[in-house]
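Content type mmCIF, C-alpha atoms, from the file coords24.cif:
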data_run
#
loop_
_atom_site.group_PDB
_atom_site.id
_atom_site.type_symbol
_atom_site.label_atom_id
_atom_site.label_comp_id
_atom_site.auth_asym_id
_atom_site.auth_seq_id
_atom_site.Cartn_x
_atom_site.Cartn_y
_atom_site.Cartn_z
ATOM 1 C CA MET A 1 -3.843 -86.679 -46.116
ATOM 2 C CA ILE A 2 -6.048 -83.618 -46.061
ATOM 3 C CA SER A 3 -6.200 -81.907 -42.677
ATOM 4 C CA TRP A 4 -9.403 -80.330 -41.487
ATOM 5 C CA LEU A 5 -9.196 -76.603 -41.031
ATOM 6 C CA LEU A 6 -10.605 -74.531 -38.224
ATOM 7 C CA PHE A 7 -11.859 -71.147 -39.325
ATOM 8 C CA LEU A 8 -11.887 -68.408 -36.688
ATOM 9 C CA GLY A 9 -13.599 -65.098 -37.103
ATOM 10 C CA CYS A 10 -13.537 -62.273 -34.635
ATOM 11 C CA ASN A 11 -17.116 -61.005 -34.120
ATOM 12 C CA THR A 12 -18.709 -63.799 -36.121
ATOM 13 C CA VAL A 13 -21.570 -66.150 -35.400
ATOM 14 C CA PRO A 14 -20.690 -69.877 -35.045
ATOM 15 C CA GLY A 15 -21.878 -72.169 -37.832
ATOM 16 C CA PRO A 16 -20.382 -74.598 -40.362
ATOM 17 C CA PHE A 17 -19.822 -73.674 -43.992
ATOM 18 C CA VAL A 18 -17.662 -74.730 -46.930
ATOM 19 C CA GLN A 19 -14.748 -72.638 -48.243
ATOM 20 C CA GLU A 20 -13.144 -73.277 -51.641
ATOM 21 C CA THR A 21 -9.391 -73.600 -51.317
ATOM 22 C CA THR A 22 -6.792 -72.541 -53.829
ATOM 23 C CA GLU A 23 -6.447 -76.198 -54.875
ATOM 24 C CA HIS A 24 -10.204 -76.209 -55.591
ATOM 25 C CA GLU A 25 -10.813 -78.783 -52.890
ATOM 26 C CA GLU A 26 -13.664 -78.306 -50.480
ATOM 27 C CA ARG A 27 -12.921 -78.540 -46.802
ATOM 28 C CA GLU A 28 -15.355 -78.172 -43.981
ATOM 29 C CA LEU A 29 -14.551 -75.116 -41.955
ATOM 30 C CA HIS A 30 -16.100 -73.787 -38.796
ATOM 31 C CA LYS A 31 -16.595 -70.241 -37.653
ATOM 32 C CA VAL A 32 -15.858 -69.825 -33.974
ATOM 33 C CA SER A 33 -16.618 -66.786 -31.898
ATOM 34 C CA GLU A 34 -13.468 -65.597 -30.150
ATOM 35 C CA THR A 35 -15.180 -63.922 -27.216
ATOM 36 C CA LEU A 36 -14.308 -65.840 -24.081
ATOM 37 C CA ASP A 37 -14.982 -64.965 -20.465
ATOM 38 C CA ALA A 38 -11.667 -64.203 -18.756
ATOM 39 C CA SER A 39 -12.832 -65.981 -15.616
ATOM 40 C CA LEU A 40 -12.722 -69.291 -17.516
ATOM 41 C CA PHE A 41 -8.969 -68.881 -17.989
ATOM 42 C CA LYS A 42 -7.350 -68.011 -14.713
ATOM 43 C CA ARG A 43 -3.934 -68.565 -16.320
ATOM 44 C CA GLY A 44 -4.254 -65.746 -18.818
ATOM 45 C CA PRO A 45 -4.912 -65.287 -22.528
ATOM 46 C CA GLN A 46 -5.426 -68.367 -24.686
ATOM 47 C CA SER A 47 -3.907 -69.032 -28.096
ATOM 48 C CA GLN A 48 -5.634 -71.001 -30.842
ATOM 49 C CA GLY A 49 -2.439 -71.679 -32.754
ATOM 50 C CA GLY A 50 0.648 -70.163 -34.284
ATOM 51 C CA TRP A 51 2.442 -69.506 -37.533
ATOM 52 C CA GLN A 52 4.982 -72.081 -38.683
ATOM 53 C CA LEU A 53 6.945 -69.318 -40.452
ATOM 54 C CA PRO A 54 6.776 -65.549 -40.004
ATOM 55 C CA PRO A 55 3.792 -64.406 -42.102
ATOM 56 C CA GLU A 56 3.965 -61.757 -44.798
ATOM 57 C CA VAL A 57 1.641 -58.791 -44.320
ATOM 58 C CA ARG A 58 -0.261 -57.232 -47.222
ATOM 59 C CA VAL A 59 -1.956 -53.891 -46.640
ATOM 60 C CA CYS A 60 -4.544 -53.466 -49.377
ATOM 61 C CA ALA A 61 -4.780 -50.127 -51.154
ATOM 62 C CA THR A 62 -8.366 -49.860 -49.834
ATOM 63 C CA ALA A 63 -7.339 -50.394 -46.196
ATOM 64 C CA PRO A 64 -8.248 -47.373 -44.033
ATOM 65 C CA VAL A 65 -4.879 -47.305 -42.311
ATOM 66 C CA SER A 66 -1.625 -45.474 -42.981
ATOM 67 C CA GLU A 67 1.767 -47.078 -43.477
ATOM 68 C CA ARG A 68 2.933 -45.319 -40.292
ATOM 69 C CA ARG A 69 0.056 -46.869 -38.301
ATOM 70 C CA VAL A 70 0.768 -50.362 -39.658
ATOM 71 C CA LYS A 71 4.468 -50.050 -38.811
ATOM 72 C CA LYS A 72 3.583 -48.963 -35.265
ATOM 73 C CA ALA A 73 1.245 -51.956 -34.799
ATOM 74 C CA LEU A 74 3.768 -54.432 -36.230
ATOM 75 C CA ASP A 75 6.515 -52.987 -34.000
ATOM 76 C CA PHE A 76 4.211 -53.456 -30.993
ATOM 77 C CA TRP A 77 4.139 -57.219 -31.677
ATOM 78 C CA ARG A 78 7.822 -57.364 -32.684
ATOM 79 C CA ASP A 79 8.678 -55.930 -29.258
ATOM 80 C CA LEU A 80 6.858 -58.968 -27.789
ATOM 81 C CA GLY A 81 9.029 -61.359 -29.819
ATOM 82 C CA TYR A 82 6.919 -61.938 -32.955
ATOM 83 C CA SER A 83 8.339 -61.824 -36.495
ATOM 84 C CA PHE A 84 6.896 -60.907 -39.860
ATOM 85 C CA SER A 85 8.424 -61.492 -43.268
ATOM 86 C CA ARG A 86 7.813 -59.045 -46.143
ATOM 87 C CA ILE A 87 5.391 -56.151 -45.690
ATOM 88 C CA TYR A 88 3.519 -54.834 -48.751
ATOM 89 C CA TYR A 89 1.780 -51.448 -48.629
ATOM 90 C CA ASN A 90 -0.930 -50.153 -51.005
ATOM 91 C CA ASP A 91 -1.264 -53.671 -52.365
ATOM 92 C CA VAL A 92 -3.398 -54.078 -55.498
ATOM 93 C CA SER A 93 -2.447 -57.704 -56.166
ATOM 94 C CA ARG A 94 -4.958 -60.548 -56.452
ATOM 95 C CA HIS A 95 -4.627 -60.995 -52.692
ATOM 96 C CA CYS A 96 -6.625 -57.810 -52.202
ATOM 97 C CA ILE A 97 -8.571 -57.408 -55.449
ATOM 98 C CA GLU A 98 -9.886 -60.957 -55.843
ATOM 99 C CA ASN A 99 -9.970 -61.759 -52.119
ATOM 100 C CA VAL A 100 -7.966 -64.919 -52.884
ATOM 101 C CA PHE A 101 -4.822 -64.858 -50.844
ATOM 102 C CA SER A 102 -1.976 -67.234 -50.215
ATOM 103 C CA TYR A 103 -1.145 -69.194 -47.128
ATOM 104 C CA ASN A 104 1.322 -67.621 -44.703
ATOM 105 C CA THR A 105 -0.244 -64.214 -45.316
ATOM 106 C CA ILE A 106 -2.014 -61.616 -43.190
ATOM 107 C CA ILE A 107 -4.228 -59.294 -45.233
ATOM 108 C CA ILE A 108 -5.306 -55.882 -43.890
ATOM 109 C CA ASP A 109 -8.285 -54.354 -45.715
ATOM 110 C CA LEU A 110 -11.453 -52.285 -45.397
ATOM 111 C CA ILE A 111 -14.379 -53.949 -43.614
ATOM 112 C CA ASP A 112 -17.253 -54.930 -45.903
ATOM 113 C CA GLY A 113 -20.985 -55.338 -45.347
ATOM 114 C CA SER A 114 -20.733 -58.980 -44.261
ATOM 115 C CA HIS A 115 -19.590 -58.129 -40.727
ATOM 116 C CA ARG A 116 -22.105 -57.459 -38.003
ATOM 117 C CA GLU A 117 -22.296 -54.104 -36.295
ATOM 118 C CA PRO A 118 -20.948 -52.620 -34.117
ATOM 119 C CA ALA A 119 -17.652 -54.268 -35.040
ATOM 120 C CA LEU A 120 -14.841 -51.722 -35.396
ATOM 121 C CA ALA A 121 -12.720 -54.420 -37.000
ATOM 122 C CA THR A 122 -12.734 -58.171 -37.503
ATOM 123 C CA THR A 123 -10.126 -60.845 -38.001
ATOM 124 C CA THR A 124 -10.724 -64.146 -39.738
ATOM 125 C CA SER A 125 -8.082 -66.859 -39.388
ATOM 126 C CA TRP A 126 -7.712 -70.202 -41.120
ATOM 127 C CA ILE A 127 -6.155 -72.731 -38.738
ATOM 128 C CA ASP A 128 -5.260 -76.366 -39.328
ATOM 129 C CA ARG A 129 -7.366 -78.277 -36.822
ATOM 130 C CA GLU A 130 -4.809 -81.046 -36.290
ATOM 131 C CA THR A 131 -1.558 -79.074 -36.087
ATOM 132 C CA ARG A 132 -2.998 -75.728 -34.827
ATOM 133 C CA GLU A 133 -0.888 -73.985 -37.482
ATOM 134 C CA ILE A 134 -2.320 -70.659 -38.617
ATOM 135 C CA LEU A 135 -2.447 -70.815 -42.408
ATOM 136 C CA LYS A 136 -3.648 -67.297 -43.235
ATOM 137 C CA ALA A 137 -5.590 -64.416 -41.708
ATOM 138 C CA LYS A 138 -7.586 -61.398 -42.859
ATOM 139 C CA ILE A 139 -8.054 -58.232 -40.819
ATOM 140 C CA ALA A 140 -10.902 -55.945 -41.893
ATOM 141 C CA LEU A 141 -11.029 -52.432 -40.417
ATOM 142 C CA LYS A 142 -13.973 -50.042 -40.290
ATOM 143 C CA ASN A 143 -13.258 -46.948 -42.381
ATOM 144 C CA SER A 144 -13.347 -44.379 -39.576
ATOM 145 C CA TRP A 145 -11.381 -46.539 -37.088
ATOM 146 C CA GLY A 146 -8.266 -47.594 -39.004
ATOM 147 C CA GLU A 147 -6.029 -45.032 -37.338
ATOM 148 C CA ALA A 148 -7.400 -45.446 -33.786
ATOM 149 C CA ASP A 149 -5.005 -46.545 -31.058
ATOM 150 C CA ARG A 150 -4.880 -50.271 -30.235
ATOM 151 C CA ILE A 151 -7.410 -51.498 -32.832
ATOM 152 C CA LEU A 152 -4.849 -52.775 -35.332
ATOM 153 C CA GLU A 153 -2.666 -54.102 -32.502
ATOM 154 C CA HIS A 154 -5.666 -56.034 -31.118
ATOM 155 C CA GLU A 155 -6.583 -57.464 -34.526
ATOM 156 C CA LEU A 156 -2.973 -58.448 -35.222
ATOM 157 C CA GLY A 157 -3.155 -60.280 -31.895
ATOM 158 C CA HIS A 158 -6.018 -62.342 -33.315
ATOM 159 C CA ALA A 159 -4.063 -62.899 -36.542
ATOM 160 C CA LEU A 160 -1.192 -64.204 -34.385
ATOM 161 C CA GLY A 161 -3.573 -66.673 -32.730
ATOM 162 C CA TRP A 162 -4.746 -64.927 -29.559
ATOM 163 C CA LEU A 163 -8.366 -65.064 -28.445
ATOM 164 C CA ASP A 164 -10.191 -62.212 -26.752
ATOM 165 C CA TYR A 165 -9.250 -61.950 -23.081
ATOM 166 C CA ASN A 166 -11.689 -59.819 -21.163
ATOM 167 C CA GLN A 167 -9.389 -58.418 -18.514
ATOM 168 C CA THR A 168 -9.714 -54.635 -18.208
ATOM 169 C CA GLY A 169 -6.686 -52.898 -19.704
ATOM 170 C CA HIS A 170 -5.494 -55.922 -21.719
ATOM 171 C CA ILE A 171 -4.619 -55.551 -25.430
ATOM 172 C CA MET A 172 -6.843 -58.542 -26.244
ATOM 173 C CA HIS A 173 -9.945 -57.224 -24.442
ATOM 174 C CA HIS A 174 -12.984 -57.632 -26.694
ATOM 175 C CA GLU A 175 -14.304 -54.110 -26.023
ATOM 176 C CA TRP A 176 -12.046 -51.340 -27.312
ATOM 177 C CA SER A 177 -13.135 -48.922 -24.561
ATOM 178 C CA ARG A 178 -12.136 -51.423 -21.837
ATOM 179 C CA GLY A 179 -8.858 -52.532 -23.430
ATOM 180 C CA GLY A 180 -5.387 -51.144 -22.977
ATOM 181 C CA LEU A 181 -1.725 -51.911 -23.559
ATOM 182 C CA ASN A 182 -1.323 -54.703 -20.988
ATOM 183 C CA THR A 183 0.347 -57.611 -22.816
ATOM 184 C CA ALA A 184 0.651 -60.094 -19.951
ATOM 185 C CA GLY A 185 0.538 -63.618 -21.333
ATOM 186 C CA VAL A 186 0.876 -62.830 -25.043
ATOM 187 C CA GLU A 187 4.648 -62.519 -25.247
ATOM 188 C CA VAL A 188 6.606 -65.091 -27.246
ATOM 189 C CA GLN A 189 7.885 -67.680 -24.783
#
Would you mind writing the file out in structure tokens?
Amino acid sequence: MISWLLFLGCNTVPGPFVQETTEHEERELHKVSETLDASLFKRGPQSQGGWQLPPEVRVCATAPVSERRVKKALDFWRDLGYSFSRIYYNDVSRHCIENVFSYNTIIIDLIDGSHREPALATTTSWIDRETREILKAKIALKNSWGEADRILEHELGHALGWLDYNQTGHIMHHEWSRGGLNTAGVEVQ
């Protein structure tokens, strides 16, 4: 049985579209804006799903971020109990070149012209609607912001399933200038 997929994009406009899968089947996907008012969730940050297995991370050769910066961001989430499998740096495989990447993968790349301004970065996640399993995710960083504090950590939070949580000082705050390193509610239970 084919499961419907839920497509999440940070800083995207809601609207249905069709995405071709690697099996050349068409599945209806939905873009969902991740910006949520924190007052709606008095219990803290909300998750849209999780990875069944630790995802691999592929940093494309065109990504505007150093290996040191990626390691720091991954360690931030490891310290909260998350795991990642293999990490590939300066990747020039089909995952990055052809923009066709495998399930159980997080891609980190340069932002392209399809993202609305003033996004510093965006994350798009493919999530199985029935099981809430995250299948794959792509983080796109603006060229001049790849090395900035907290941006990659925030986007990895989206790739791990967390929605924006607009509490001042929180890592998942939608606005970079109002965010911080508060991780309350996003630790692995």
Please indicate the distance in Å from CA of Ser102 in chain A to CA of Lys142 in chain A, rounded to one decimal place. 23.2 Å
Identify which of the residues A:Thr183, A:Ala140, A:Val92, A:Val57 lies closest to Leu152 in chain A, counting all atoms listed in the file when measuring atom-to-atom distances. A:Ala140
All residues 10 Å or closer to Leu80 in chain A, only C-alpha atoms, same chain fewer than 5 positions away omitted, as an MDAnalysis selection string: chainID A and resid 75 183 186:189
Report, in Å to a single decimal, how far apart CA of Ser83 in chain A and CA of Pro55 in chain A are. 7.7 Å
Closest pair table for range 144-163 of chain A residues within 12 Å of range 173-181 of chain A, only C-alpha atoms, as JSON lines:
{"residue": "A:Trp145", "atom": "CA", "partner": "A:Trp176", "partner_atom": "CA", "distance": 10.9}
{"residue": "A:Ala148", "atom": "CA", "partner": "A:Trp176", "partner_atom": "CA", "distance": 9.9}
{"residue": "A:Asp149", "atom": "CA", "partner": "A:Gly180", "partner_atom": "CA", "distance": 9.3}
{"residue": "A:Arg150", "atom": "CA", "partner": "A:Gly180", "partner_atom": "CA", "distance": 7.3}
{"residue": "A:Ile151", "atom": "CA", "partner": "A:Trp176", "partner_atom": "CA", "distance": 7.2}
{"residue": "A:Leu152", "atom": "CA", "partner": "A:Trp176", "partner_atom": "CA", "distance": 10.9}
{"residue": "A:Glu153", "atom": "CA", "partner": "A:Leu181", "partner_atom": "CA", "distance": 9.3}
{"residue": "A:His154", "atom": "CA", "partner": "A:His173", "partner_atom": "CA", "distance": 8.0}
{"residue": "A:Glu155", "atom": "CA", "partner": "A:His174", "partner_atom": "CA", "distance": 10.1}
{"residue": "A:Gly157", "atom": "CA", "partner": "A:His173", "partner_atom": "CA", "distance": 10.5}
{"residue": "A:His158", "atom": "CA", "partner": "A:His174", "partner_atom": "CA", "distance": 10.7}
{"residue": "A:Trp162", "atom": "CA", "partner": "A:His173", "partner_atom": "CA", "distance": 10.6}
{"residue": "A:Leu163", "atom": "CA", "partner": "A:His174", "partner_atom": "CA", "distance": 8.9}
